[in-house]
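Student: Could you have a look at this structure, given as structure tokens, before my questions?
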Amino acid sequence: MSANGSDETNEPGRAPKQLPVDKVRDLVNQIKSHDATKAHDEELESHVTAIEEELGRGAPHPSRLASLLDGLRSLSAEATEALIHSGAMDLLNEILGTGVPPVGR
């Protein structure tokens, strides 16, 4: 935490101080449009809706957005596998700065 009270960490596994909002929007679009995630729409819907609502605010709060994104990683094994197959998990890890390399690399 800096002297002005803001969290400026950018360590793997910790959310960066500012999340790339455009990439978060891309993530939401990828989840909503990919065939691999369709079978898990019901489970994903509440998470995606909450992320969209936060993105709809004038200035999304970085820690709230990071918390919502982190919630995607705690879904059922089947939904998580669908996120991996759609490529959304790679993008999610990139956004959150987890240090996890993309699948297949």
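Every chain in the structure tokens has a letter given in the order shown (A, B, ...), and although residue numbers restart at 1 in each chain, ligands are simply numbered from 1 in the order shown.
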If you count only C-alpha atoms, which residues fall within 10 Å of Val28 in chain A, apart from same-chain ones fewer than 5 positions away, as a ChimeraX atom specification?
Tutor: /A:22-23,33,47-49,51-52,69,88,92
Student: Generate a file of the selected residues that holds C-alpha atoms, formatted as an mmCIF file, in the first residue's frame.
Tutor:
data_model
loop_
_atom_site.group_PDB
_atom_site.id
_atom_site.type_symbol
_atom_site.label_atom_id
_atom_site.label_comp_id
_atom_site.auth_asym_id
_atom_site.auth_seq_id
_atom_site.Cartn_x
_atom_site.Cartn_y
_atom_site.Cartn_z
ATOM 1 C CA ASP A 22 -11.233 -3.430 -22.312
ATOM 2 C CA LYS A 23 -9.795 -6.894 -21.672
ATOM 3 C CA SER A 33 -20.317 -16.228 -27.074
ATOM 4 C CA HIS A 47 -20.943 -13.967 -12.305
ATOM 5 C CA VAL A 48 -21.051 -12.450 -15.778
ATOM 6 C CA THR A 49 -24.023 -10.227 -14.892
ATOM 7 C CA ILE A 51 -19.115 -8.147 -13.864
ATOM 8 C CA GLU A 52 -21.202 -6.383 -16.525
ATOM 9 C CA LEU A 69 -13.267 -11.985 -11.745
ATOM 10 C CA ALA A 88 -11.349 -17.339 -21.326
ATOM 11 C CA LEU A 92 -8.701 -14.158 -16.947
#
Student: Within range 15-54 of chain A, find each residue whose DSSP state, derived from the backbone, is alpha helix (DSSP H), and express the selection as an MDAnalysis selection string.
Tutor: chainID A and resid 21:33 35:38 41:54
Student: Write the residues you've just listed into a file as a compact mmCIF listing (two decimals), in the first residue's frame, and include N, CA, C and O atoms for each of them.
Tutor:
# COMPACT_ATOMS: atom_id res chain seq x y z
N VAL A 21 -9.86 -2.64 -18.39
CA VAL A 21 -11.31 -2.75 -18.56
C VAL A 21 -11.67 -3.30 -19.93
O VAL A 21 -12.60 -4.11 -20.05
N ASP A 22 -10.94 -2.91 -20.97
CA ASP A 22 -11.23 -3.43 -22.31
C ASP A 22 -11.05 -4.94 -22.37
O ASP A 22 -11.84 -5.64 -23.00
N LYS A 23 -10.02 -5.45 -21.69
CA LYS A 23 -9.80 -6.89 -21.67
C LYS A 23 -10.89 -7.59 -20.87
O LYS A 23 -11.28 -8.71 -21.19
N VAL A 24 -11.37 -6.95 -19.81
CA VAL A 24 -12.46 -7.53 -19.03
C VAL A 24 -13.71 -7.62 -19.89
O VAL A 24 -14.41 -8.63 -19.88
N ARG A 25 -13.97 -6.58 -20.67
CA ARG A 25 -15.12 -6.63 -21.59
C ARG A 25 -14.95 -7.74 -22.62
O ARG A 25 -15.91 -8.45 -22.95
N ASP A 26 -13.72 -7.89 -23.13
CA ASP A 26 -13.44 -8.97 -24.08
C ASP A 26 -13.69 -10.33 -23.43
O ASP A 26 -14.25 -11.23 -24.06
N LEU A 27 -13.28 -10.46 -22.17
CA LEU A 27 -13.50 -11.70 -21.43
C LEU A 27 -14.98 -12.03 -21.32
O LEU A 27 -15.41 -13.15 -21.59
N VAL A 28 -15.77 -11.03 -20.95
CA VAL A 28 -17.22 -11.22 -20.82
C VAL A 28 -17.81 -11.65 -22.17
O VAL A 28 -18.59 -12.60 -22.24
N ASN A 29 -17.42 -10.98 -23.23
CA ASN A 29 -17.91 -11.34 -24.57
C ASN A 29 -17.50 -12.74 -24.97
O ASN A 29 -18.30 -13.49 -25.55
N GLN A 30 -16.27 -13.12 -24.63
CA GLN A 30 -15.79 -14.45 -24.96
C GLN A 30 -16.59 -15.51 -24.20
O GLN A 30 -16.97 -16.53 -24.77
N ILE A 31 -16.84 -15.28 -22.93
CA ILE A 31 -17.61 -16.23 -22.13
C ILE A 31 -19.02 -16.37 -22.68
O ILE A 31 -19.55 -17.47 -22.80
N LYS A 32 -19.63 -15.24 -23.02
CA LYS A 32 -21.02 -15.26 -23.47
C LYS A 32 -21.19 -15.87 -24.86
O LYS A 32 -22.25 -16.40 -25.19
N SER A 33 -20.16 -15.81 -25.69
CA SER A 33 -20.32 -16.23 -27.07
C SER A 33 -19.72 -17.59 -27.42
O SER A 33 -20.05 -18.15 -28.45
N ASP A 35 -19.09 -21.51 -27.62
CA ASP A 35 -19.91 -22.73 -27.51
C ASP A 35 -19.57 -23.55 -26.27
O ASP A 35 -20.45 -24.16 -25.67
N ALA A 36 -18.29 -23.58 -25.88
CA ALA A 36 -17.87 -24.41 -24.74
C ALA A 36 -18.52 -23.97 -23.43
O ALA A 36 -18.70 -24.76 -22.52
N THR A 37 -18.89 -22.69 -23.34
CA THR A 37 -19.47 -22.19 -22.09
C THR A 37 -21.00 -22.25 -22.09
O THR A 37 -21.62 -22.06 -21.04
N LYS A 38 -21.62 -22.52 -23.23
CA LYS A 38 -23.09 -22.52 -23.34
C LYS A 38 -23.75 -23.49 -22.37
O LYS A 38 -24.77 -23.19 -21.78
N ASP A 41 -24.25 -21.91 -18.90
CA ASP A 41 -24.82 -20.56 -18.84
C ASP A 41 -25.44 -20.24 -17.49
O ASP A 41 -25.25 -19.15 -16.96
N GLU A 42 -26.17 -21.18 -16.92
CA GLU A 42 -26.85 -20.93 -15.66
C GLU A 42 -25.85 -20.61 -14.54
O GLU A 42 -26.04 -19.68 -13.77
N GLU A 43 -24.77 -21.37 -14.48
CA GLU A 43 -23.76 -21.16 -13.45
C GLU A 43 -22.96 -19.88 -13.69
O GLU A 43 -22.63 -19.16 -12.76
N LEU A 44 -22.67 -19.60 -14.94
CA LEU A 44 -21.87 -18.43 -15.29
C LEU A 44 -22.66 -17.13 -15.24
O LEU A 44 -22.09 -16.06 -15.03
N GLU A 45 -23.96 -17.21 -15.46
CA GLU A 45 -24.80 -16.02 -15.63
C GLU A 45 -24.66 -15.00 -14.49
O GLU A 45 -24.47 -13.81 -14.74
N SER A 46 -24.76 -15.45 -13.26
CA SER A 46 -24.71 -14.49 -12.14
C SER A 46 -23.35 -13.81 -12.06
O SER A 46 -23.26 -12.61 -11.77
N HIS A 47 -22.28 -14.56 -12.33
CA HIS A 47 -20.94 -13.97 -12.31
C HIS A 47 -20.78 -12.94 -13.42
O HIS A 47 -20.31 -11.83 -13.19
N VAL A 48 -21.19 -13.34 -14.62
CA VAL A 48 -21.05 -12.45 -15.78
C VAL A 48 -21.92 -11.20 -15.61
O VAL A 48 -21.47 -10.09 -15.89
N THR A 49 -23.13 -11.37 -15.11
CA THR A 49 -24.02 -10.23 -14.89
C THR A 49 -23.42 -9.24 -13.88
O THR A 49 -23.45 -8.03 -14.11
N ALA A 50 -22.86 -9.75 -12.80
CA ALA A 50 -22.25 -8.87 -11.80
C ALA A 50 -21.04 -8.13 -12.38
O ALA A 50 -20.85 -6.94 -12.10
N ILE A 51 -20.26 -8.81 -13.21
CA ILE A 51 -19.11 -8.15 -13.86
C ILE A 51 -19.61 -7.07 -14.81
O ILE A 51 -19.08 -5.95 -14.83
N GLU A 52 -20.65 -7.37 -15.59
CA GLU A 52 -21.20 -6.38 -16.52
C GLU A 52 -21.74 -5.17 -15.77
O GLU A 52 -21.57 -4.03 -16.22
N GLU A 53 -22.39 -5.40 -14.64
CA GLU A 53 -22.92 -4.28 -13.85
C GLU A 53 -21.78 -3.40 -13.34
O GLU A 53 -21.88 -2.17 -13.37
N GLU A 54 -20.70 -4.01 -12.88
CA GLU A 54 -19.55 -3.22 -12.40
C GLU A 54 -18.92 -2.45 -13.56
O GLU A 54 -18.54 -1.30 -13.41
Student: Select, from A:Ala77, A:Leu83, A:Leu65, A:Leu55, the residue with the minimum atom-to-atom distance to Leu96 in chain A, counting only C-alpha atoms.
Tutor: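 Smallest distance to Leu96 in chain A is found for A:Leu65.
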Student: Which residue is closest to Ser63 in chain A? Choose from A:His85, A:Leu91, A:Gln18, A:Ala79 and count only C-alpha atoms.
Tutor: A:Gln18
Student: Quick one: of A:Gly87, A:Pro101, A:Ile95, A:Leu75, who's nearest to Pro62 in chain A, counting only C-alpha atoms?
Tutor: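 Ranking A:Gly87, A:Pro101, A:Ile95, A:Leu75 by distance to Pro62 in chain A, first place goes to A:Ile95.
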Student: So how far away is CA of Leu19 in chain A from CA of His61 in chain A, in Å?
Tutor: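 So the answer is 9.1 Å.
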